[in-house]
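File shown here: input-v6.tsv, holding TSV, N, CA and C atoms and all ligand atoms.
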chain	number	residue	atom	x	y	z
A	1	MET	N	0.83	-1.18	0.00
A	1	MET	CA	0.00	0.00	0.00
A	1	MET	C	0.87	1.24	0.00
A	2	PRO	N	0.47	2.24	-0.67
A	2	PRO	CA	1.31	3.42	-0.78
A	2	PRO	C	1.49	4.17	0.51
A	3	ARG	N	2.67	4.71	0.67
A	3	ARG	CA	2.91	5.45	1.89
A	3	ARG	C	2.03	6.68	1.98
A	4	ASP	N	1.66	7.23	0.84
A	4	ASP	CA	0.77	8.39	0.89
A	4	ASP	C	-0.51	8.06	1.64
A	5	ALA	N	-0.89	6.79	1.55
A	5	ALA	CA	-2.11	6.40	2.23
A	5	ALA	C	-1.96	6.54	3.74
A	6	ASP	N	-0.72	6.50	4.21
A	6	ASP	CA	-0.51	6.63	5.64
A	6	ASP	C	-0.96	7.99	6.15
A	7	ARG	N	-1.04	8.93	5.26
A	7	ARG	CA	-1.45	10.26	5.69
A	7	ARG	C	-2.94	10.30	6.00
A	8	ASN	N	-3.61	9.28	5.56
A	8	ASN	CA	-5.05	9.20	5.80
A	8	ASN	C	-5.34	7.92	6.57
A	9	PRO	N	-5.45	8.03	7.88
A	9	PRO	CA	-5.61	6.82	8.67
A	9	PRO	C	-6.88	6.06	8.33
A	10	ALA	N	-7.80	6.70	7.68
A	10	ALA	CA	-9.03	6.00	7.33
A	10	ALA	C	-8.88	5.21	6.05
A	11	ALA	N	-7.76	5.41	5.39
A	11	ALA	CA	-7.58	4.78	4.09
A	11	ALA	C	-6.97	3.41	4.24
A	12	PRO	N	-7.68	2.37	3.82
A	12	PRO	CA	-7.11	1.04	3.87
A	12	PRO	C	-6.20	0.78	2.69
A	13	GLY	N	-5.18	0.03	2.94
A	13	GLY	CA	-4.35	-0.45	1.87
A	13	GLY	C	-3.93	0.62	0.89
A	14	LEU	N	-4.22	0.35	-0.32
A	14	LEU	CA	-3.78	1.23	-1.38
A	14	LEU	C	-4.77	2.34	-1.53
A	15	LEU	N	-5.26	2.77	-0.42
A	15	LEU	CA	-6.57	3.38	-0.43
A	15	LEU	C	-6.70	4.86	-0.25
A	16	ALA	N	-5.75	5.64	-0.24
A	16	ALA	CA	-6.03	7.06	-0.10
A	16	ALA	C	-6.25	7.67	-1.47
A	17	LEU	N	-6.99	8.74	-1.47
A	17	LEU	CA	-7.10	9.50	-2.72
A	17	LEU	C	-5.87	10.39	-2.75
A	18	VAL	N	-4.95	10.05	-3.63
A	18	VAL	CA	-3.67	10.74	-3.61
A	18	VAL	C	-3.25	11.10	-5.02
A	19	ALA	N	-2.44	12.09	-5.11
A	19	ALA	CA	-1.89	12.45	-6.40
A	19	ALA	C	-0.75	11.51	-6.73
A	20	ALA	N	-0.56	11.27	-8.00
A	20	ALA	CA	0.57	10.46	-8.43
A	20	ALA	C	1.85	11.17	-8.03
A	21	ALA	N	2.84	10.40	-7.70
A	21	ALA	CA	4.11	10.97	-7.28
A	21	ALA	C	4.71	11.79	-8.41
A	22	SER	N	5.43	12.83	-8.05
A	22	SER	CA	5.99	13.71	-9.07
A	22	SER	C	7.43	13.34	-9.38
A	23	LEU	N	7.66	12.05	-9.57
A	23	LEU	CA	9.01	11.57	-9.82
A	23	LEU	C	9.36	11.56	-11.29
A	24	SER	N	8.39	11.73	-12.13
A	24	SER	CA	8.66	11.74	-13.56
A	24	SER	C	7.58	12.56	-14.22
A	25	SER	N	7.86	12.95	-15.44
A	25	SER	CA	6.87	13.74	-16.15
A	25	SER	C	5.61	12.93	-16.38
A	26	GLN	N	5.82	11.60	-16.56
A	26	GLN	CA	4.65	10.74	-16.76
A	26	GLN	C	3.77	10.80	-15.53
A	27	ARG	N	4.40	10.73	-14.38
A	27	ARG	CA	3.62	10.76	-13.17
A	27	ARG	C	3.00	12.13	-12.95
A	28	ASP	N	3.73	13.17	-13.35
A	28	ASP	CA	3.17	14.50	-13.19
A	28	ASP	C	1.88	14.63	-13.97
A	29	ALA	N	1.85	13.90	-15.11
A	29	ALA	CA	0.69	14.02	-15.98
A	29	ALA	C	-0.43	13.08	-15.55
A	30	ALA	N	-0.11	12.18	-14.60
A	30	ALA	CA	-1.10	11.19	-14.20
A	30	ALA	C	-2.22	11.85	-13.40
A	31	PRO	N	-3.41	11.31	-13.52
A	31	PRO	CA	-4.52	11.85	-12.74
A	31	PRO	C	-4.45	11.34	-11.31
A	32	LEU	N	-5.34	11.80	-10.52
A	32	LEU	CA	-5.46	11.24	-9.19
A	32	LEU	C	-5.96	9.81	-9.32
A	33	PHE	N	-5.35	8.91	-8.59
A	33	PHE	CA	-5.83	7.54	-8.55
A	33	PHE	C	-6.42	7.30	-7.17
A	34	ASP	N	-7.63	6.88	-7.17
A	34	ASP	CA	-8.29	6.59	-5.91
A	34	ASP	C	-8.09	5.11	-5.59
A	35	CYS	N	-7.18	4.83	-4.69
A	35	CYS	CA	-6.88	3.44	-4.35
A	35	CYS	C	-8.10	2.70	-3.83
A	36	GLN	N	-8.99	3.42	-3.19
A	36	GLN	CA	-10.17	2.77	-2.63
A	36	GLN	C	-11.13	2.29	-3.71
A	37	SER	N	-10.97	2.79	-4.90
A	37	SER	CA	-11.80	2.27	-5.99
A	37	SER	C	-10.93	1.54	-7.00
A	38	CYS	N	-9.78	1.05	-6.54
A	38	CYS	CA	-8.87	0.36	-7.45
A	38	CYS	C	-8.51	-1.02	-6.90
A	39	GLY	N	-7.40	-1.10	-6.17
A	39	GLY	CA	-6.98	-2.40	-5.64
A	39	GLY	C	-6.24	-3.27	-6.64
A	40	ALA	N	-5.91	-2.71	-7.78
A	40	ALA	CA	-5.29	-3.52	-8.84
A	40	ALA	C	-3.95	-4.13	-8.41
A	41	CYS	N	-3.15	-3.38	-7.67
A	41	CYS	CA	-1.83	-3.91	-7.31
A	41	CYS	C	-1.91	-4.99	-6.24
A	42	CYS	N	-3.06	-5.12	-5.61
A	42	CYS	CA	-3.27	-6.19	-4.64
A	42	CYS	C	-3.84	-7.43	-5.31
A	43	SER	N	-4.06	-7.31	-6.59
A	43	SER	CA	-4.64	-8.42	-7.33
A	43	SER	C	-3.96	-8.51	-8.69
A	44	TYR	N	-2.65	-8.58	-8.64
A	44	TYR	CA	-1.88	-8.60	-9.88
A	44	TYR	C	-0.96	-9.82	-9.94
A	45	SER	N	-0.28	-10.11	-8.85
A	45	SER	CA	0.65	-11.23	-8.85
A	45	SER	C	0.83	-11.76	-7.43
A	46	ALA	N	0.83	-13.05	-7.31
A	46	ALA	CA	1.07	-13.67	-6.00
A	46	ALA	C	2.50	-13.42	-5.54
A	47	GLU	N	3.34	-12.97	-6.46
A	47	GLU	CA	4.74	-12.69	-6.10
A	47	GLU	C	4.92	-11.30	-5.52
A	48	TRP	N	3.91	-10.48	-5.60
A	48	TRP	CA	4.10	-9.09	-5.15
A	48	TRP	C	4.02	-8.88	-3.64
A	49	PRO	N	3.00	-9.39	-2.98
A	49	PRO	CA	2.93	-9.11	-1.53
A	49	PRO	C	3.79	-10.07	-0.72
A	50	ARG	N	5.10	-9.98	-0.99
A	50	ARG	CA	6.05	-10.85	-0.29
A	50	ARG	C	6.62	-10.11	0.92
A	51	PHE	N	7.01	-10.87	1.88
A	51	PHE	CA	7.68	-10.28	3.03
A	51	PHE	C	9.12	-9.98	2.66
A	52	SER	N	9.63	-8.89	3.18
A	52	SER	CA	10.98	-8.49	2.81
A	52	SER	C	11.75	-7.94	4.00
A	53	THR	N	11.47	-6.71	4.38
A	53	THR	CA	12.26	-6.06	5.41
A	53	THR	C	11.57	-6.04	6.77
A	54	GLU	N	10.43	-6.73	6.87
A	54	GLU	CA	9.71	-6.72	8.14
A	54	GLU	C	10.51	-7.46	9.23
A	55	ASP	N	10.35	-6.99	10.44
A	55	ASP	CA	10.94	-7.76	11.53
A	55	ASP	C	9.88	-8.72	12.08
A	56	ASP	N	10.30	-9.56	12.98
A	56	ASP	CA	9.38	-10.59	13.49
A	56	ASP	C	8.16	-9.99	14.15
A	57	ALA	N	8.35	-8.86	14.83
A	57	ALA	CA	7.22	-8.24	15.52
A	57	ALA	C	6.17	-7.78	14.51
A	58	GLN	N	6.64	-7.22	13.42
A	58	GLN	CA	5.70	-6.80	12.36
A	58	GLN	C	4.94	-8.00	11.81
A	59	LEU	N	5.67	-9.03	11.49
A	59	LEU	CA	5.04	-10.21	10.89
A	59	LEU	C	4.07	-10.89	11.85
A	60	ASP	N	4.38	-10.83	13.11
A	60	ASP	CA	3.50	-11.46	14.09
A	60	ASP	C	2.14	-10.78	14.16
A	61	ARG	N	2.07	-9.54	13.70
A	61	ARG	CA	0.80	-8.82	13.76
A	61	ARG	C	-0.11	-9.12	12.56
A	62	ILE	N	0.43	-9.83	11.59
A	62	ILE	CA	-0.40	-10.20	10.44
A	62	ILE	C	-1.13	-11.50	10.76
A	63	PRO	N	-2.45	-11.49	10.73
A	63	PRO	CA	-3.19	-12.71	11.05
A	63	PRO	C	-2.74	-13.89	10.19
A	64	GLU	N	-2.57	-15.01	10.84
A	64	GLU	CA	-2.04	-16.19	10.19
A	64	GLU	C	-2.85	-16.61	8.96
A	65	LYS	N	-4.15	-16.34	9.02
A	65	LYS	CA	-5.00	-16.79	7.91
A	65	LYS	C	-4.65	-16.08	6.60
A	66	TYR	N	-3.96	-14.97	6.70
A	66	TYR	CA	-3.59	-14.22	5.50
A	66	TYR	C	-2.16	-14.52	5.03
A	67	VAL	N	-1.47	-15.36	5.76
A	67	VAL	CA	-0.06	-15.62	5.46
A	67	VAL	C	0.08	-16.91	4.66
A	68	ALA	N	0.95	-16.86	3.66
A	68	ALA	CA	1.20	-18.05	2.83
A	68	ALA	C	1.75	-19.19	3.67
A	69	LEU	N	1.45	-20.39	3.26
A	69	LEU	CA	1.88	-21.56	4.02
A	69	LEU	C	3.39	-21.61	4.19
A	70	ASP	N	4.10	-21.14	3.17
A	70	ASP	CA	5.57	-21.17	3.28
A	70	ASP	C	6.12	-19.94	3.96
A	71	LEU	N	5.22	-19.08	4.47
A	71	LEU	CA	5.59	-17.89	5.24
A	71	LEU	C	6.38	-16.85	4.44
A	72	SER	N	6.32	-16.96	3.12
A	72	SER	CA	7.11	-16.06	2.28
A	72	SER	C	6.42	-14.72	2.05
A	73	GLY	N	5.15	-14.67	2.32
A	73	GLY	CA	4.41	-13.45	2.04
A	73	GLY	C	2.94	-13.64	2.33
A	74	MET	N	2.16	-12.79	1.74
A	74	MET	CA	0.72	-12.89	1.93
A	74	MET	C	0.17	-14.10	1.17
A	75	ARG	N	-0.82	-14.72	1.73
A	75	ARG	CA	-1.50	-15.81	1.03
A	75	ARG	C	-2.34	-15.20	-0.08
A	76	CYS	N	-2.23	-15.78	-1.23
A	76	CYS	CA	-2.99	-15.28	-2.38
A	76	CYS	C	-3.90	-16.37	-2.90
A	77	GLU	N	-4.98	-15.92	-3.46
A	77	GLU	CA	-5.89	-16.82	-4.17
A	77	GLU	C	-5.72	-16.46	-5.64
A	78	GLY	N	-4.97	-17.27	-6.34
A	78	GLY	CA	-4.56	-16.88	-7.68
A	78	GLY	C	-3.60	-15.71	-7.56
A	79	VAL	N	-3.94	-14.62	-8.20
A	79	VAL	CA	-3.08	-13.44	-8.13
A	79	VAL	C	-3.56	-12.45	-7.09
A	80	ARG	N	-4.64	-12.78	-6.43
A	80	ARG	CA	-5.26	-11.82	-5.53
A	80	ARG	C	-4.88	-12.09	-4.07
A	81	CYS	N	-4.40	-11.07	-3.42
A	81	CYS	CA	-4.06	-11.17	-2.00
A	81	CYS	C	-5.31	-11.49	-1.20
A	82	SER	N	-5.17	-12.41	-0.27
A	82	SER	CA	-6.33	-12.85	0.51
A	82	SER	C	-6.83	-11.75	1.46
A	83	ALA	N	-6.03	-10.75	1.69
A	83	ALA	CA	-6.46	-9.67	2.60
A	83	ALA	C	-7.24	-8.59	1.87
A	84	LEU	N	-7.29	-8.68	0.58
A	84	LEU	CA	-8.02	-7.67	-0.19
A	84	LEU	C	-9.51	-7.97	-0.16
A	85	THR	N	-10.28	-6.96	0.13
A	85	THR	CA	-11.73	-7.12	0.09
A	85	THR	C	-12.29	-6.20	-0.99
A	86	GLY	N	-13.46	-6.54	-1.43
A	86	GLY	CA	-14.13	-5.70	-2.42
A	86	GLY	C	-13.88	-6.15	-3.83
A	87	GLU	N	-14.25	-5.31	-4.75
A	87	GLU	CA	-14.15	-5.61	-6.18
A	87	GLU	C	-13.15	-4.67	-6.83
A	88	VAL	N	-12.14	-5.26	-7.42
A	88	VAL	CA	-11.09	-4.47	-8.07
A	88	VAL	C	-11.71	-3.55	-9.12
A	89	GLY	N	-11.28	-2.30	-9.05
A	89	GLY	CA	-11.77	-1.32	-10.02
A	89	GLY	C	-13.07	-0.66	-9.59
A	90	LYS	N	-13.61	-1.12	-8.47
A	90	LYS	CA	-14.86	-0.52	-7.99
A	90	LYS	C	-14.72	-0.03	-6.56
A	91	SER	N	-14.53	-0.95	-5.65
A	91	SER	CA	-14.40	-0.57	-4.25
A	91	SER	C	-13.60	-1.64	-3.53
A	92	THR	N	-12.45	-1.26	-2.99
A	92	THR	CA	-11.58	-2.25	-2.36
A	92	THR	C	-11.02	-1.72	-1.05
A	93	ALA	N	-10.54	-2.65	-0.26
A	93	ALA	CA	-9.89	-2.29	1.01
A	93	ALA	C	-8.89	-3.38	1.37
A	94	CYS	N	-7.90	-2.97	2.12
A	94	CYS	CA	-6.93	-3.93	2.66
A	94	CYS	C	-7.40	-4.31	4.06
A	95	GLY	N	-7.59	-5.60	4.27
A	95	GLY	CA	-8.08	-6.06	5.56
A	95	GLY	C	-7.06	-5.98	6.67
A	96	ILE	N	-5.81	-5.71	6.31
A	96	ILE	CA	-4.77	-5.60	7.34
A	96	ILE	C	-3.98	-4.31	7.13
A	97	TYR	N	-4.67	-3.27	6.78
A	97	TYR	CA	-4.01	-2.03	6.38
A	97	TYR	C	-2.92	-1.59	7.36
A	98	GLU	N	-3.22	-1.61	8.63
A	98	GLU	CA	-2.25	-1.11	9.61
A	98	GLU	C	-1.02	-1.99	9.74
A	99	THR	N	-1.14	-3.24	9.33
A	99	THR	CA	-0.02	-4.16	9.49
A	99	THR	C	0.45	-4.74	8.17
A	100	ARG	N	0.07	-4.13	7.08
A	100	ARG	CA	0.42	-4.65	5.76
A	100	ARG	C	1.94	-4.69	5.57
A	101	PRO	N	2.38	-5.57	4.70
A	101	PRO	CA	3.83	-5.72	4.48
A	101	PRO	C	4.48	-4.45	3.93
A	102	ASP	N	5.78	-4.40	4.05
A	102	ASP	CA	6.53	-3.22	3.61
A	102	ASP	C	6.40	-2.98	2.10
A	103	VAL	N	6.35	-4.03	1.32
A	103	VAL	CA	6.22	-3.83	-0.13
A	103	VAL	C	4.91	-3.13	-0.46
A	104	CYS	N	3.91	-3.41	0.32
A	104	CYS	CA	2.62	-2.76	0.10
A	104	CYS	C	2.70	-1.28	0.45
A	105	ARG	N	3.45	-0.97	1.49
A	105	ARG	CA	3.64	0.44	1.87
A	105	ARG	C	4.45	1.19	0.83
A	106	ALA	N	5.32	0.48	0.15
A	106	ALA	CA	6.20	1.12	-0.83
A	106	ALA	C	5.50	1.40	-2.15
A	107	CYS	N	4.45	0.67	-2.43
A	107	CYS	CA	3.74	0.86	-3.70
A	107	CYS	C	3.03	2.20	-3.68
A	108	MET	N	3.31	2.99	-4.69
A	108	MET	CA	2.76	4.35	-4.72
A	108	MET	C	1.85	4.53	-5.92
A	109	PRO	N	0.72	5.18	-5.71
A	109	PRO	CA	-0.14	5.47	-6.86
A	109	PRO	C	0.64	6.23	-7.92
A	110	GLY	N	0.57	5.74	-9.12
A	110	GLY	CA	1.25	6.40	-10.23
A	110	GLY	C	2.63	5.83	-10.51
A	111	ASP	N	3.13	4.97	-9.63
A	111	ASP	CA	4.46	4.44	-9.92
A	111	ASP	C	4.36	3.30	-10.95
A	112	GLU	N	5.50	2.78	-11.32
A	112	GLU	CA	5.55	1.80	-12.41
A	112	GLU	C	4.67	0.59	-12.12
A	113	GLU	N	4.76	0.08	-10.91
A	113	GLU	CA	3.98	-1.11	-10.57
A	113	GLU	C	2.49	-0.81	-10.56
A	114	CYS	N	2.16	0.35	-10.05
A	114	CYS	CA	0.76	0.78	-10.04
A	114	CYS	C	0.20	0.81	-11.45
A	115	LEU	N	0.92	1.45	-12.33
A	115	LEU	CA	0.42	1.59	-13.70
A	115	LEU	C	0.33	0.23	-14.39
A	116	MET	N	1.28	-0.63	-14.10
A	116	MET	CA	1.28	-1.98	-14.67
A	116	MET	C	0.03	-2.75	-14.20
A	117	ALA	N	-0.23	-2.66	-12.92
A	117	ALA	CA	-1.37	-3.39	-12.37
A	117	ALA	C	-2.69	-2.81	-12.87
A	118	ARG	N	-2.75	-1.51	-12.89
A	118	ARG	CA	-3.99	-0.88	-13.37
A	118	ARG	C	-4.24	-1.24	-14.83
A	119	ALA	N	-3.20	-1.21	-15.63
A	119	ALA	CA	-3.36	-1.54	-17.04
A	119	ALA	C	-3.85	-2.99	-17.20
A	120	ALA	N	-3.31	-3.88	-16.37
A	120	ALA	CA	-3.70	-5.28	-16.47
A	120	ALA	C	-5.17	-5.49	-16.14
A	121	HIS	N	-5.69	-4.59	-15.34
A	121	HIS	CA	-7.12	-4.67	-14.99
A	121	HIS	C	-7.99	-3.76	-15.86
A	122	GLY	N	-7.37	-3.18	-16.86
A	122	GLY	CA	-8.14	-2.34	-17.77
A	122	GLY	C	-8.55	-1.00	-17.17
A	123	LEU	N	-7.81	-0.57	-16.17
A	123	LEU	CA	-8.11	0.71	-15.53
A	123	LEU	C	-7.26	1.81	-16.14
A	124	ALA	N	-7.72	3.01	-16.03
A	124	ALA	CA	-7.01	4.15	-16.63
A	124	ALA	C	-5.62	4.27	-16.01
A	125	VAL	N	-4.66	4.62	-16.86
A	125	VAL	CA	-3.29	4.81	-16.40
A	125	VAL	C	-2.78	6.21	-16.69
A	126	GLY	N	-3.58	7.03	-17.23
A	126	GLY	CA	-3.12	8.39	-17.51
A	126	GLY	C	-4.28	9.30	-17.82
B	201	LIG	S1	-2.74	0.05	-8.46
B	201	LIG	FE1	-2.18	2.14	-7.92
B	201	LIG	S2	-4.12	3.23	-7.70
B	201	LIG	FE2	-4.54	1.03	-7.64
B	201	LIG	S3	-4.58	0.51	-5.49
B	201	LIG	FE3	-2.49	0.13	-6.25
B	201	LIG	S4	-1.37	2.03	-5.85
B	201	LIG	FE4	-3.55	2.50	-5.68
B	202	LIG	S1	-1.68	-6.92	2.32
B	202	LIG	FE1	-2.70	-7.53	0.45
B	202	LIG	S2	-4.56	-6.29	0.35
B	202	LIG	FE2	-3.17	-5.36	1.85
B	202	LIG	S3	-2.01	-3.84	0.68
B	202	LIG	FE3	-0.81	-5.71	0.66
B	202	LIG	S4	-1.41	-6.79	-1.22
B	202	LIG	FE4	-2.95	-5.23	-0.80

What is this structure when it is put down as structure tokens?
Ligand code: SF4
Ligand code: SF4
Amino acid sequence: MPRDADRNPAAPGLLALVAAASLSSQRDAAPLFDCQSCGACCSYSAEWPRFSTEDDAQLDRIPEKYVALDLSGMRCEGVRCSALTGEVGKSTACGIYETRPDVCRACMPGDEECLMARAAHGLAVG
């Protein structure tokens, strides 16, 4: 989930209404992406919501039912993270927003991964 979402405690997961990062001209030109009506990056690849830099205390706060059997990351159903609720492209939320993995926090609306995931779901990318 994007760090920008952290500025809005009510925003789950990829869920704040935020401007695309101004790291490139492409992003400058990007519209606002409302993560709460998207969720594409949470339903793109089972390889994405992997655990990486979390410490044990962080990981312990993630409910076991959402964790992959091999403990490598979030449990996914196909390409969709099991913690994602709602319908991609319409209304979504992260069920563990406050304790989501670091990779989810690093994903930013408008960044390369965001645009890739949105495109795969047929959502606007610019
Ligand atoms: S794909 Fe982009 S807009 Fe959609 S939820 Fe993820 S970060 Fe937000
Ligand atoms: S834990 Fe799952 S639903 Fe939550 S932000 Fe990460 S990928 Fe999305």

Once you count all atoms listed in the file, what closest atom pair and distance in Å to one decimal does each residue of stretch 28-65 of chain A within 5 Å of stretch 79-83 of chain A have, with rows by chain and rising residue number, as CSV?
residue,atom,partner,partner_atom,distance
A:Cys42,C,A:Cys81,N,4.1
A:Ser43,CA,A:Arg80,CA,3.9
A:Tyr44,N,A:Val79,C,4.3
A:Ser45,C,A:Val79,CA,4.3
A:Ala46,N,A:Val79,CA,4.0

Could you tell me, counting only C-alpha atoms and all ligand atoms, which protein and nucleic acid residues lie no more than 7 Å from ligand LIG 201 (chain B), written as a ChimeraX atom specification? /A:1-2,14-15,33-36,38-42,107-110,114-115,117-118

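In terms of minimum interatomic distance to ligand LIG 202 (chain B), A:Ile96 ranks closest within A:Glu112, A:Ala106, A:Ala120, A:Ile96, counting only N, CA and C atoms and all ligand atoms.
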
For ligand LIG 202 (chain B), which of A:Leu59, A:Leu69, A:Val103, A:Val125 is the closest residue, counting only C-alpha atoms and all ligand atoms? A:Val103

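Rounded to one decimal, atom CA of A:Cys76 and atom C of A:Gln58 lie 17.8 Å from each other.
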
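The residues of stretch 33-86 of chain A that DSSP classifies as alpha helix (DSSP H), using the backbone of this structure, are A:Asp56, A:Ala57, A:Gln58, A:Leu59, A:Asp60.
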
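With all atoms listed in the file as the atoms that count, the minimum distance from ligand LIG 202 (chain B) to the choices A:Ala68, A:Ala57, A:Val88, A:Cys94 is reached by A:Cys94.
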
Within 6.5 Å of file point (6.5, -11.1, -0.9), counting only N, CA and C atoms, expressed as a ChimeraX atom specification: /A:47-52,72-74

Write out the residues from the selection above, keeping N, CA and C atoms, as a PDB file, in the coordinates of the input.
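Result file is again28.pdb:
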ATOM      1  N   GLU A  47       3.340 -12.970  -6.460  1.00  0.00           N
ATOM      2  CA  GLU A  47       4.740 -12.690  -6.100  1.00  0.00           C
ATOM      3  C   GLU A  47       4.920 -11.300  -5.520  1.00  0.00           C
ATOM      4  N   TRP A  48       3.910 -10.480  -5.600  1.00  0.00           N
ATOM      5  CA  TRP A  48       4.100  -9.090  -5.150  1.00  0.00           C
ATOM      6  C   TRP A  48       4.020  -8.880  -3.640  1.00  0.00           C
ATOM      7  N   PRO A  49       3.000  -9.390  -2.980  1.00  0.00           N
ATOM      8  CA  PRO A  49       2.930  -9.110  -1.530  1.00  0.00           C
ATOM      9  C   PRO A  49       3.790 -10.070  -0.720  1.00  0.00           C
ATOM     10  N   ARG A  50       5.100  -9.980  -0.990  1.00  0.00           N
ATOM     11  CA  ARG A  50       6.050 -10.850  -0.290  1.00  0.00           C
ATOM     12  C   ARG A  50       6.620 -10.110   0.920  1.00  0.00           C
ATOM     13  N   PHE A  51       7.010 -10.870   1.880  1.00  0.00           N
ATOM     14  CA  PHE A  51       7.680 -10.280   3.030  1.00  0.00           C
ATOM     15  C   PHE A  51       9.120  -9.980   2.660  1.00  0.00           C
ATOM     16  N   SER A  52       9.630  -8.890   3.180  1.00  0.00           N
ATOM     17  CA  SER A  52      10.980  -8.490   2.810  1.00  0.00           C
ATOM     18  C   SER A  52      11.750  -7.940   4.000  1.00  0.00           C
ATOM     19  N   SER A  72       6.320 -16.960   3.120  1.00  0.00           N
ATOM     20  CA  SER A  72       7.110 -16.060   2.280  1.00  0.00           C
ATOM     21  C   SER A  72       6.420 -14.720   2.050  1.00  0.00           C
ATOM     22  N   GLY A  73       5.150 -14.670   2.320  1.00  0.00           N
ATOM     23  CA  GLY A  73       4.410 -13.450   2.040  1.00  0.00           C
ATOM     24  C   GLY A  73       2.940 -13.640   2.330  1.00  0.00           C
ATOM     25  N   MET A  74       2.160 -12.790   1.740  1.00  0.00           N
ATOM     26  CA  MET A  74       0.720 -12.890   1.930  1.00  0.00           C
ATOM     27  C   MET A  74       0.170 -14.100   1.170  1.00  0.00           C
TER      28      MET A  74
END

In Å to one decimal, how far is atom CA of A:Ser37 from atom N of A:Ile62? 24.6 Å

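Comparing the minimum interatomic distances between ligand LIG 202 (chain B) and each of A:Gly78, A:Met116, A:Ser91, A:Leu84, counting all atoms listed in the file, we find that A:Leu84 sits nearest.
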
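Checking A:Asp111, A:Lys90, A:Ala124, A:Thr85 one by one against ligand LIG 202 (chain B), counting all atoms listed in the file, you find the shortest gap at A:Thr85.
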
Determine the nearest neighbour of ligand LIG 202 (chain B) from the options A:Arg75, A:Glu113, A:Asp60, A:Glu87, counting all atoms listed in the file. A:Arg75

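Counting from atom C of A:Thr99, the distance to atom N of A:Leu71 is 15.6 Å.
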
Name the residues of stretch 29-100 of chain A that fall into strand (DSSP E) according to DSSP on the backbone, using the chain letters and numbers of this document, as a compact mmCIF listing (two decimals) with N, CA and C atoms, keeping the file's coordinate frame.
# COMPACT_ATOMS: atom_id res chain seq x y z
N PHE A 33 -5.35 8.91 -8.59
CA PHE A 33 -5.83 7.54 -8.55
C PHE A 33 -6.42 7.30 -7.17
N ASP A 34 -7.63 6.88 -7.17
CA ASP A 34 -8.29 6.59 -5.91
C ASP A 34 -8.09 5.11 -5.59
N CYS A 76 -2.23 -15.78 -1.23
CA CYS A 76 -2.99 -15.28 -2.38
C CYS A 76 -3.90 -16.37 -2.90
N GLU A 77 -4.98 -15.92 -3.46
CA GLU A 77 -5.89 -16.82 -4.17
C GLU A 77 -5.72 -16.46 -5.64
N ARG A 80 -4.64 -12.78 -6.43
CA ARG A 80 -5.26 -11.82 -5.53
C ARG A 80 -4.88 -12.09 -4.07
N CYS A 81 -4.40 -11.07 -3.42
CA CYS A 81 -4.06 -11.17 -2.00
C CYS A 81 -5.31 -11.49 -1.20
N LEU A 84 -7.29 -8.68 0.58
CA LEU A 84 -8.02 -7.67 -0.19
C LEU A 84 -9.51 -7.97 -0.16
N THR A 85 -10.28 -6.96 0.13
CA THR A 85 -11.73 -7.12 0.09
C THR A 85 -12.29 -6.20 -0.99
N GLY A 86 -13.46 -6.54 -1.43
CA GLY A 86 -14.13 -5.70 -2.42
C GLY A 86 -13.88 -6.15 -3.83
N GLU A 87 -14.25 -5.31 -4.75
CA GLU A 87 -14.15 -5.61 -6.18
C GLU A 87 -13.15 -4.67 -6.83
N SER A 91 -14.53 -0.95 -5.65
CA SER A 91 -14.40 -0.57 -4.25
C SER A 91 -13.60 -1.64 -3.53
N THR A 92 -12.45 -1.26 -2.99
CA THR A 92 -11.58 -2.25 -2.36
C THR A 92 -11.02 -1.72 -1.05
N ALA A 93 -10.54 -2.65 -0.26
CA ALA A 93 -9.89 -2.29 1.01
C ALA A 93 -8.89 -3.38 1.37
N CYS A 94 -7.90 -2.97 2.12
CA CYS A 94 -6.93 -3.93 2.66
C CYS A 94 -7.40 -4.31 4.06
